[in-house]
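Okay, start36.txt now, which holds compact mmCIF, C-alpha atoms and all ligand atoms:
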# COMPACT_ATOMS: atom_id res chain seq x y z
CA LYS A 19 -24.38 -23.95 -1.36
CA LYS A 20 -21.22 -25.52 -2.78
CA PRO A 21 -19.68 -23.18 -5.43
CA ALA A 22 -19.63 -24.53 -9.00
CA GLY A 23 -16.66 -26.81 -9.60
CA ALA A 24 -15.58 -26.90 -5.95
CA PRO A 25 -13.98 -30.17 -4.88
CA ASP A 26 -14.77 -31.95 -1.62
CA LYS A 27 -13.96 -29.80 1.43
CA ALA A 28 -12.45 -32.84 3.09
CA LEU A 29 -9.48 -32.59 0.69
CA ALA A 30 -8.50 -29.17 2.09
CA LYS A 31 -5.14 -28.95 3.84
CA PRO A 32 -4.87 -27.11 7.15
CA VAL A 33 -3.42 -23.59 7.02
CA THR A 34 -1.35 -23.06 10.18
CA LYS A 35 1.05 -20.34 9.00
CA VAL A 36 0.71 -17.86 6.14
CA GLY A 37 3.52 -16.29 4.13
CA VAL A 38 2.82 -13.06 2.21
CA ILE A 39 5.24 -11.96 -0.49
CA GLY A 40 5.04 -8.26 -1.27
CA ALA A 41 4.28 -5.73 1.45
CA GLY A 42 2.47 -3.16 -0.72
CA LEU A 43 -1.01 -1.86 0.07
CA MET A 44 -3.02 -4.80 -1.25
CA ALA A 45 -0.71 -7.44 0.27
CA SER A 46 -0.80 -5.61 3.61
CA GLN A 47 -4.59 -5.47 3.45
CA PHE A 48 -4.93 -9.21 2.93
CA ALA A 49 -2.14 -10.03 5.42
CA LEU A 50 -4.33 -8.28 8.01
CA LEU A 51 -7.37 -10.26 6.86
CA PHE A 52 -5.48 -13.58 7.15
CA VAL A 53 -4.30 -12.86 10.67
CA ARG A 54 -7.66 -11.52 11.79
CA ARG A 55 -9.77 -14.33 10.40
CA LEU A 56 -7.47 -17.39 10.50
CA LYS A 57 -5.73 -16.34 13.75
CA VAL A 58 -2.48 -18.00 12.64
CA PRO A 59 1.03 -16.52 12.34
CA VAL A 60 1.47 -14.39 9.22
CA VAL A 61 4.92 -13.43 7.96
CA ILE A 62 5.35 -10.78 5.28
CA THR A 63 8.36 -10.14 3.10
CA ASP A 64 9.49 -7.74 0.38
CA LEU A 65 12.67 -6.71 -1.41
CA ASP A 66 14.08 -4.73 1.51
CA GLN A 67 13.46 -4.00 5.17
CA GLY A 68 12.08 -0.50 4.39
CA ARG A 69 9.22 -1.97 2.35
CA VAL A 70 8.57 -4.67 4.95
CA ASP A 71 8.40 -2.03 7.70
CA LYS A 72 5.96 0.06 5.65
CA GLY A 73 3.66 -2.98 5.28
CA LEU A 74 3.92 -3.78 9.00
CA ASP A 75 3.17 -0.15 9.89
CA TYR A 76 0.01 -0.27 7.75
CA ILE A 77 -1.16 -3.49 9.44
CA ARG A 78 -0.43 -2.21 12.96
CA THR A 79 -2.22 1.08 12.23
CA GLU A 80 -5.27 -0.83 10.94
CA ILE A 81 -5.27 -3.06 14.05
CA ALA A 82 -5.17 0.11 16.21
CA SER A 83 -8.09 1.52 14.21
CA LEU A 84 -10.14 -1.70 14.68
CA LEU A 85 -9.45 -1.42 18.42
CA GLU A 86 -10.47 2.24 18.47
CA LYS A 87 -13.75 1.36 16.67
CA LYS A 88 -14.25 -1.38 19.33
CA ARG A 89 -14.40 -4.08 16.63
CA ILE A 90 -11.70 -6.01 18.49
CA SER A 91 -10.76 -6.16 22.17
CA PRO A 92 -7.40 -4.95 23.54
CA ASP A 93 -6.43 -8.63 24.08
CA GLU A 94 -7.23 -9.49 20.48
CA ALA A 95 -5.29 -6.45 19.21
CA ASN A 96 -2.27 -7.63 21.19
CA ARG A 97 -2.67 -11.18 19.88
CA LEU A 98 -2.97 -9.99 16.25
CA ASN A 99 0.07 -7.71 16.59
CA ALA A 100 2.09 -10.61 17.99
CA LEU A 101 1.03 -12.95 15.17
CA VAL A 102 2.23 -10.63 12.36
CA THR A 103 5.95 -10.45 11.66
CA GLY A 104 8.12 -9.18 8.84
CA THR A 105 11.28 -10.61 7.35
CA THR A 106 13.63 -10.26 4.41
CA ASP A 107 14.79 -13.88 4.82
CA LYS A 108 12.70 -16.48 2.95
CA ALA A 109 14.03 -19.14 5.34
CA ASP A 110 11.32 -17.75 7.67
CA PHE A 111 8.77 -19.19 5.20
CA ALA A 112 9.96 -22.78 5.83
CA ASP A 113 6.95 -23.76 7.96
CA CYS A 114 4.31 -21.81 5.98
CA ASP A 115 1.68 -24.09 4.49
CA TRP A 116 0.03 -21.23 2.52
CA VAL A 117 2.12 -18.65 0.65
CA ILE A 118 0.49 -15.88 -1.37
CA GLU A 119 2.17 -13.23 -3.47
CA ALA A 120 1.15 -9.74 -4.60
CA VAL A 121 4.37 -8.47 -6.15
CA PHE A 122 4.80 -6.36 -9.27
CA GLU A 123 2.48 -7.51 -12.12
CA GLU A 124 5.20 -8.80 -14.39
CA LEU A 125 5.24 -12.42 -15.46
CA GLY A 126 9.02 -12.95 -15.15
CA VAL A 127 9.10 -11.39 -11.68
CA LYS A 128 6.29 -13.62 -10.43
CA GLN A 129 7.80 -16.75 -12.00
CA ASP A 130 11.09 -16.08 -10.22
CA VAL A 131 9.36 -15.31 -6.92
CA PHE A 132 7.64 -18.72 -6.95
CA ALA A 133 10.71 -20.62 -8.17
CA ASP A 134 12.58 -19.10 -5.22
CA VAL A 135 9.80 -19.74 -2.68
CA GLU A 136 9.64 -23.37 -3.65
CA LYS A 137 13.21 -23.81 -2.42
CA HIS A 138 12.14 -22.76 1.05
CA VAL A 139 8.74 -24.40 1.66
CA SER A 140 7.62 -28.03 2.03
CA ASP A 141 6.41 -29.95 -1.04
CA THR A 142 2.85 -29.80 0.24
CA ALA A 143 2.60 -26.03 0.89
CA VAL A 144 -0.08 -24.34 -1.21
CA LEU A 145 1.10 -21.41 -3.36
CA ALA A 146 -1.33 -18.67 -4.34
CA THR A 147 -1.07 -15.61 -6.56
CA ASN A 148 -3.15 -12.44 -6.31
CA THR A 149 -2.42 -11.59 -9.96
CA SER A 150 -5.19 -9.46 -11.44
CA SER A 151 -4.92 -10.62 -15.04
CA LEU A 152 -1.76 -12.63 -15.83
CA SER A 153 -1.98 -16.33 -16.66
CA VAL A 154 -1.67 -18.30 -13.41
CA GLU A 155 -0.40 -21.35 -15.28
CA GLN A 156 2.40 -19.28 -16.83
CA ILE A 157 3.24 -17.76 -13.44
CA GLY A 158 3.90 -21.33 -12.26
CA ALA A 159 6.03 -22.26 -15.29
CA LYS A 160 9.21 -22.62 -13.23
CA LEU A 161 7.64 -24.62 -10.39
CA ALA A 162 8.61 -28.23 -9.73
CA HIS A 163 5.07 -28.73 -8.32
CA PRO A 164 2.70 -26.56 -10.38
CA GLU A 165 -0.25 -28.59 -9.11
CA ARG A 166 -0.10 -26.66 -5.81
CA LEU A 167 -0.46 -23.24 -7.46
CA VAL A 168 -3.81 -21.46 -7.56
CA GLY A 169 -5.02 -17.92 -8.30
CA PHE A 170 -6.51 -16.18 -5.25
CA HIS A 171 -7.63 -12.79 -6.47
CA PHE A 172 -8.82 -10.18 -3.98
CA PHE A 173 -10.53 -6.87 -4.84
CA ASN A 174 -9.94 -3.35 -3.55
CA PRO A 175 -10.63 -2.46 -0.78
CA VAL A 176 -9.84 -5.99 0.47
CA ALA A 177 -11.60 -5.58 3.83
CA VAL A 178 -14.84 -4.53 2.14
CA MET A 179 -15.19 -6.34 -1.19
CA PRO A 180 -16.84 -9.72 -0.63
CA LEU A 181 -15.49 -11.63 -3.65
CA ILE A 182 -12.40 -13.76 -4.25
CA GLU A 183 -11.74 -15.26 -7.67
CA VAL A 184 -10.12 -18.67 -7.18
CA VAL A 185 -8.35 -19.37 -10.45
CA LYS A 186 -7.88 -23.00 -11.40
CA THR A 187 -5.17 -23.80 -13.93
CA PRO A 188 -5.24 -27.05 -15.92
CA LYS A 189 -2.61 -28.29 -13.44
CA THR A 190 -4.13 -27.18 -10.11
CA ASP A 191 -4.99 -30.30 -8.10
CA ASP A 192 -8.17 -30.84 -6.07
CA ALA A 193 -6.43 -30.58 -2.68
CA THR A 194 -5.08 -27.14 -3.64
CA LEU A 195 -8.43 -25.96 -5.00
CA SER A 196 -10.25 -27.25 -1.94
CA THR A 197 -7.74 -25.51 0.38
CA ALA A 198 -8.30 -22.24 -1.51
CA MET A 199 -12.09 -22.53 -1.21
CA VAL A 200 -12.02 -23.41 2.49
CA THR A 201 -9.50 -20.61 3.16
CA ALA A 202 -11.67 -18.06 1.32
CA ALA A 203 -14.67 -19.11 3.43
CA ALA A 204 -12.58 -18.76 6.60
CA LEU A 205 -11.79 -15.19 5.47
CA TYR A 206 -15.59 -14.60 5.27
CA LYS A 207 -15.38 -14.10 1.50
CA ASN A 208 -17.51 -15.48 -1.34
CA ALA A 209 -15.24 -17.50 -3.56
CA VAL A 210 -15.96 -18.37 -7.17
CA ILE A 211 -13.84 -20.71 -9.28
CA THR A 212 -12.83 -19.20 -12.62
CA ALA A 213 -10.92 -20.41 -15.64
CA ASP A 214 -7.33 -19.21 -16.13
CA THR A 215 -8.09 -16.69 -18.89
CA PRO A 216 -6.94 -13.04 -19.21
CA GLY A 217 -8.66 -10.92 -16.55
CA PHE A 218 -10.54 -13.99 -15.26
CA VAL A 219 -14.13 -12.72 -14.94
CA VAL A 220 -14.22 -9.44 -12.99
CA ASN A 221 -11.28 -7.66 -14.59
CA ARG A 222 -12.36 -8.82 -18.04
CA ILE A 223 -15.62 -6.95 -17.53
CA LEU A 224 -14.05 -4.00 -15.69
CA ALA A 225 -11.40 -3.63 -18.41
CA LYS A 226 -14.21 -3.01 -20.88
CA LEU A 227 -15.71 -0.29 -18.70
CA LEU A 228 -12.40 1.35 -17.79
CA GLY A 229 -11.06 1.01 -21.34
CA GLU A 230 -14.14 2.54 -22.93
CA ALA A 231 -14.11 5.44 -20.43
CA MET A 232 -10.43 6.13 -21.22
CA HIS A 233 -11.11 5.74 -24.93
CA ALA A 234 -13.83 8.40 -24.71
CA VAL A 235 -11.19 10.72 -23.19
CA ASP A 236 -8.60 9.69 -25.77
CA SER A 237 -11.17 10.56 -28.46
CA GLY A 238 -11.43 14.13 -27.17
CA THR A 239 -14.22 14.24 -24.54
CA PRO A 240 -12.90 15.85 -21.35
CA PHE A 241 -12.46 13.70 -18.23
CA GLU A 242 -15.07 15.62 -16.26
CA VAL A 243 -17.71 15.08 -18.97
CA VAL A 244 -17.09 11.31 -19.15
CA ASN A 245 -17.05 11.17 -15.35
CA GLU A 246 -20.37 13.04 -15.01
CA SER A 247 -22.00 11.08 -17.83
CA ILE A 248 -21.57 7.73 -16.12
CA LYS A 249 -22.77 8.79 -12.66
CA PRO A 250 -26.50 8.18 -13.38
CA PHE A 251 -25.71 4.49 -13.93
CA GLY A 252 -25.45 4.21 -10.14
CA LEU A 253 -22.14 2.39 -9.89
CA PRO A 254 -20.50 2.83 -6.46
CA MET A 255 -17.59 4.57 -8.20
CA THR A 256 -17.01 6.06 -11.64
CA PRO A 257 -14.42 4.24 -13.79
CA PHE A 258 -11.89 6.98 -13.02
CA GLU A 259 -12.45 6.75 -9.27
CA LEU A 260 -12.05 3.00 -9.59
CA LEU A 261 -8.80 3.45 -11.52
CA GLU A 262 -7.41 5.60 -8.72
CA LEU A 263 -8.55 3.03 -6.15
CA VAL A 264 -6.82 0.09 -7.83
CA GLY A 265 -3.80 2.20 -8.79
CA LEU A 266 -3.17 3.71 -12.22
CA THR A 267 -0.17 1.48 -12.90
CA VAL A 268 -2.21 -1.63 -12.11
CA GLY A 269 -5.11 -0.27 -14.19
CA ALA A 270 -2.82 0.41 -17.17
CA HIS A 271 -1.35 -3.05 -16.80
CA VAL A 272 -4.81 -4.67 -16.76
CA LEU A 273 -5.77 -2.85 -19.98
CA ASP A 274 -2.45 -3.76 -21.64
CA THR A 275 -2.91 -7.45 -20.77
CA HIS A 276 -6.39 -7.44 -22.29
CA HIS A 277 -5.25 -5.57 -25.39
CA ALA A 278 -2.40 -8.06 -25.88
CA ALA A 279 -4.80 -11.02 -25.53
CA PHE A 280 -7.72 -9.56 -27.53
CA PRO A 281 -6.40 -6.66 -29.66
CA ASP A 282 -9.68 -6.31 -31.56
CA ARG A 283 -11.78 -6.04 -28.39
CA PHE A 284 -9.72 -3.97 -25.91
CA PHE A 285 -8.07 -0.57 -26.35
CA GLU A 286 -4.65 0.60 -25.32
CA SER A 287 -4.81 4.04 -23.77
CA GLU A 288 -1.98 6.51 -24.08
CA ASN A 289 -3.71 8.85 -21.67
CA LEU A 290 -3.85 6.12 -19.04
CA HIS A 291 -0.12 5.48 -19.37
CA ARG A 292 0.54 9.22 -19.05
CA LEU A 293 -1.66 9.36 -15.97
CA ALA A 294 0.09 6.34 -14.46
CA GLU A 295 3.35 8.27 -14.71
CA HIS A 296 1.70 11.39 -13.33
CA GLY A 297 0.31 9.30 -10.43
CA LYS A 298 -3.27 10.63 -10.23
CA ILE A 299 -6.42 11.59 -12.16
CA PHE A 300 -8.22 13.77 -9.62
CA ASP A 301 -7.18 16.75 -7.54
CA ARG A 302 -8.27 16.16 -3.95
CA ASP A 303 -8.44 18.25 -0.82
CA GLY A 304 -6.74 17.33 2.46
CA LYS A 305 -9.65 15.02 3.33
CA GLY A 306 -9.46 13.09 0.06
CA ARG A 307 -12.50 14.81 -1.47
CA ILE A 308 -12.35 15.34 -5.24
CA THR A 309 -11.90 19.02 -6.16
CA GLY A 310 -11.20 18.70 -9.90
CA PHE A 311 -9.07 17.04 -12.55
N1 LIG A 401 -9.67 1.04 1.91
C1 LIG A 401 -10.13 0.36 2.98
N2 LIG A 401 -11.41 0.44 3.42
C2 LIG A 401 -12.21 1.31 2.77
C3 LIG A 401 -11.78 2.08 1.67
C4 LIG A 401 -10.46 1.92 1.25
N3 LIG A 401 -9.98 2.58 0.19
N4 LIG A 401 -12.82 2.83 1.26
C5 LIG A 401 -13.85 2.56 2.06
N5 LIG A 401 -13.48 1.62 2.98
C6 LIG A 401 -14.32 1.05 4.01
C7 LIG A 401 -14.72 2.05 5.05
O1 LIG A 401 -13.74 2.15 6.08
C8 LIG A 401 -16.02 1.48 5.57
O2 LIG A 401 -15.71 0.43 6.46
P1 LIG A 401 -16.38 0.39 7.92
O3 LIG A 401 -17.87 0.27 7.65
O4 LIG A 401 -15.78 -0.83 8.50
O5 LIG A 401 -15.99 1.65 8.60
C9 LIG A 401 -16.63 0.80 4.33
O6 LIG A 401 -15.54 0.62 3.40
C10 LIG A 401 -17.70 1.63 3.65
O7 LIG A 401 -17.12 2.90 3.43
P2 LIG A 401 -17.95 4.22 3.18
O8 LIG A 401 -19.31 4.10 3.81
O9 LIG A 401 -17.12 5.40 3.54
O10 LIG A 401 -17.98 4.32 1.64
P3 LIG A 401 -18.93 3.89 0.51
O11 LIG A 401 -20.29 3.49 0.95
O12 LIG A 401 -18.78 5.00 -0.43
O13 LIG A 401 -18.24 2.57 -0.08
C11 LIG A 401 -16.66 1.40 -1.36
C12 LIG A 401 -16.90 2.56 -0.40
C13 LIG A 401 -17.07 0.09 -0.67
C14 LIG A 401 -15.18 1.40 -1.69
C15 LIG A 401 -17.57 1.59 -2.62
O14 LIG A 401 -17.31 2.85 -3.19
C16 LIG A 401 -17.35 0.54 -3.68
O15 LIG A 401 -17.88 -0.57 -3.58
N6 LIG A 401 -16.57 0.88 -4.71
C17 LIG A 401 -16.26 -0.03 -5.81
C18 LIG A 401 -15.10 -0.89 -5.44
C19 LIG A 401 -14.77 -1.89 -6.52
O16 LIG A 401 -15.44 -2.05 -7.51
N7 LIG A 401 -13.67 -2.59 -6.28
C20 LIG A 401 -13.13 -3.55 -7.25
C21 LIG A 401 -11.95 -2.92 -7.89
S1 LIG A 401 -11.23 -3.97 -9.09
C22 LIG A 401 -9.97 -4.71 -8.33
O17 LIG A 401 -9.63 -4.48 -7.22
C23 LIG A 401 -9.36 -5.78 -9.11
C24 LIG A 401 -8.00 -5.65 -9.58
O18 LIG A 401 -7.38 -6.67 -9.72
C25 LIG A 401 -7.41 -4.38 -10.04
As structure tokens, please, write out the structure in this file.
Ligand code: CAA
Amino acid sequence: KKPAGAPDKALAKPVTKVGVIGAGLMASQFALLFVRRLKVPVVITDLDQGRVDKGLDYIRTEIASLLEKKRISPDEANRLNALVTGTTDKADFADCDWVIEAVFEELGVKQDVFADVEKHVSDTAVLATNTSSLSVEQIGAKLAHPERLVGFHFFNPVAVMPLIEVVKTPKTDDATLSTAMVTAAALYKNAVITADTPGFVVNRILAKLLGEAMHAVDSGTPFEVVNESIKPFGLPMTPFELLELVGLTVGAHVLDTHHAAFPDRFFESENLHRLAEHGKIFDRDGKGRITGF
């Protein structure tokens, strides 16, 4: 079934080389997905070689693990390893026809990243952002061709979660939207088209859940009580487990964005900011099992 609002597939542009900006965990996870599913060259970049190498190491380790689990053959593992490269030179993005970023969630940083990328790619390359709650239109404010920018929002863990939010700005053209939808299908994901509003759909709803859970703690109920109380609802993870999965800094940022947009409907949480600095909510044993707070 054609997703609501999806333009004609025939308008989609071919994706023959992918550029990934940001080599953090989420970017590395989707870089692996692009190479595995599209089978095209994928080049990743970050601020320095150390970060690029860390991203490449993650991808190569995951390819080795897929091989060990016999999900891919030795030949395919070799092919995937050869298709993924890292660089600190954006000139290597010149022949990318799809570039996606997952850099720090700060509007100015993302605007500058895209303004810079545009100097290196062709006028027809599609640009995508994995922002979790910033305005995609504003992210493209410095672009000469904002019509080729689209939101392409993955969820953690990327390999497992089936959804991608494709965020259409008032400027996104049909060829770009169609390319995003066809690309999402090629990644074996379910894509939905959402409006360019704070948190899109999923994070808007999650921010309520996470915000209310943190607010209960801020109001004086201990973490462990809030955590236990929500377990009978049968969610795959409690809000606190989810916060650790997406990263406390990202989680705090998502709540801040919602509070800024809708101050009467979303809380700010001092405890969440403190935890983001502290780096964790749960104590865990060597195998990652929760042992306390
Ligand atoms: N990273 C990568 N893969 C992971 C993973 C992780 N952190 N955790 C689990 N997996 C994989 C496992 O390797 C396993 O894959 P295989 O079958 O290929 O081996 C698969 O997921 C299932 O794992 P398990 O059986 O061990 O675990 P589970 O049944 O407890 O499910 C889960 C794990 C899928 C993560 C489940 O707990 C879940 O769905 N949690 C909720 C996740 C969620 O809501 N994500 C959205 C977050 S919001 C967001 O990301 C948006 C944003 O912008 C901030």
If you take only C-alpha atoms and a cut-off of 12 Å, which residues of segment 114-173 of chain A touch segment 259-271 of chain A, and what are their nearest atom pairs and distances in Å to one decimal, in chain and number order, as CSV?
residue,atom,partner,partner_atom,distance
A:Ala120,CA,A:Val268,CA,11.6
A:Val121,CA,A:Val268,CA,11.2
A:Phe122,CA,A:Val268,CA,8.9
A:Glu123,CA,A:His271,CA,7.5
A:Glu124,CA,A:His271,CA,9.0
A:Leu125,CA,A:His271,CA,11.5
A:Thr149,CA,A:Val268,CA,10.2
A:Ser150,CA,A:Val268,CA,8.4
A:Ser151,CA,A:His271,CA,8.6
A:Leu152,CA,A:His271,CA,9.6
A:Phe172,CA,A:Val264,CA,11.1
A:Phe173,CA,A:Val264,CA,8.4
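Distances to ligand LIG 401 (chain A) were evaluated for A:Pro21, A:Pro257, A:Gly158, A:Gly42 using only C-alpha atoms and all ligand atoms, and the minimum falls at A:Pro257.
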Any idea what the distance is between atom CA of Asp115 of chain A and atom CA of Thr34 of chain A?
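These atoms are spaced 6.5 Å apart.
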Once you add 8 Å to each side, what are the centre and edge lengths of the axis-aligned box holding all listed atoms of ligand LIG 401 (chain A)? One decimal in Å, as lines of an AutoDock Vina configuration file, if you can.
center_x = -13.8
center_y = -0.6
center_z = -0.7
size_x = 28.9
size_y = 28.1
size_z = 34.6
Using all atoms listed in the file, which protein or nucleic acid residues come within 8 Å of segment 100-110 of chain A? Drop anything in the same chain fewer than 3 positions from it, and give the result as a PyMOL selection string.
chain A and resi 53+57-67+70-71+74+96-97+113+135+138
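Using only C-alpha atoms, the smallest distance between any of A:Val144, A:Met44, A:Leu195, A:Leu85 and Asp26 of chain A comes from A:Leu195.
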Between atom CA of Lys305 of chain A and atom CA of Ser83 of chain A - distance in Å to one decimal:
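Pair atom CA of Ser83 of chain A / atom CA of Lys305 of chain A returns 17.4 Å.
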With all atoms listed in the file as the atoms that count, which of A:Phe48, A:Phe311, A:Phe111, A:Phe300 lies nearest to Asn174 of chain A?
A:Phe48
So which residues touch segment 227-237 of chain A within 12 Å, counting only C-alpha atoms, skipping near sequence neighbours fewer than 5 positions away, as a PDB file with C-alpha atoms, keeping the file's coordinate frame?
ATOM      1  CA  VAL A 220     -14.220  -9.440 -12.990  1.00  0.00           C
ATOM      2  CA  ASN A 221     -11.280  -7.660 -14.590  1.00  0.00           C
ATOM      3  CA  ARG A 222     -12.360  -8.820 -18.040  1.00  0.00           C
ATOM      4  CA  GLU A 242     -15.070  15.620 -16.260  1.00  0.00           C
ATOM      5  CA  VAL A 243     -17.710  15.080 -18.970  1.00  0.00           C
ATOM      6  CA  VAL A 244     -17.090  11.310 -19.150  1.00  0.00           C
ATOM      7  CA  ASN A 245     -17.050  11.170 -15.350  1.00  0.00           C
ATOM      8  CA  GLU A 246     -20.370  13.040 -15.010  1.00  0.00           C
ATOM      9  CA  SER A 247     -22.000  11.080 -17.830  1.00  0.00           C
ATOM     10  CA  ILE A 248     -21.570   7.730 -16.120  1.00  0.00           C
ATOM     11  CA  LEU A 253     -22.140   2.390  -9.890  1.00  0.00           C
ATOM     12  CA  MET A 255     -17.590   4.570  -8.200  1.00  0.00           C
ATOM     13  CA  THR A 256     -17.010   6.060 -11.640  1.00  0.00           C
ATOM     14  CA  PRO A 257     -14.420   4.240 -13.790  1.00  0.00           C
ATOM     15  CA  PHE A 258     -11.890   6.980 -13.020  1.00  0.00           C
ATOM     16  CA  GLU A 259     -12.450   6.750  -9.270  1.00  0.00           C
ATOM     17  CA  LEU A 260     -12.050   3.000  -9.590  1.00  0.00           C
ATOM     18  CA  LEU A 261      -8.800   3.450 -11.520  1.00  0.00           C
ATOM     19  CA  GLU A 262      -7.410   5.600  -8.720  1.00  0.00           C
ATOM     20  CA  VAL A 264      -6.820   0.090  -7.830  1.00  0.00           C
ATOM     21  CA  LEU A 266      -3.170   3.710 -12.220  1.00  0.00           C
ATOM     22  CA  GLY A 269      -5.110  -0.270 -14.190  1.00  0.00           C
ATOM     23  CA  ALA A 270      -2.820   0.410 -17.170  1.00  0.00           C
ATOM     24  CA  HIS A 271      -1.350  -3.050 -16.800  1.00  0.00           C
ATOM     25  CA  VAL A 272      -4.810  -4.670 -16.760  1.00  0.00           C
ATOM     26  CA  LEU A 273      -5.770  -2.850 -19.980  1.00  0.00           C
ATOM     27  CA  ASP A 274      -2.450  -3.760 -21.640  1.00  0.00           C
ATOM     28  CA  THR A 275      -2.910  -7.450 -20.770  1.00  0.00           C
ATOM     29  CA  HIS A 276      -6.390  -7.440 -22.290  1.00  0.00           C
ATOM     30  CA  HIS A 277      -5.250  -5.570 -25.390  1.00  0.00           C
ATOM     31  CA  ARG A 283     -11.780  -6.040 -28.390  1.00  0.00           C
ATOM     32  CA  PHE A 284      -9.720  -3.970 -25.910  1.00  0.00           C
ATOM     33  CA  PHE A 285      -8.070  -0.570 -26.350  1.00  0.00           C
ATOM     34  CA  GLU A 286      -4.650   0.600 -25.320  1.00  0.00           C
ATOM     35  CA  SER A 287      -4.810   4.040 -23.770  1.00  0.00           C
ATOM     36  CA  GLU A 288      -1.980   6.510 -24.080  1.00  0.00           C
ATOM     37  CA  ASN A 289      -3.710   8.850 -21.670  1.00  0.00           C
ATOM     38  CA  LEU A 290      -3.850   6.120 -19.040  1.00  0.00           C
ATOM     39  CA  HIS A 291      -0.120   5.480 -19.370  1.00  0.00           C
ATOM     40  CA  ARG A 292       0.540   9.220 -19.050  1.00  0.00           C
ATOM     41  CA  LEU A 293      -1.660   9.360 -15.970  1.00  0.00           C
ATOM     42  CA  ILE A 299      -6.420  11.590 -12.160  1.00  0.00           C
TER      43      ILE A 299
END
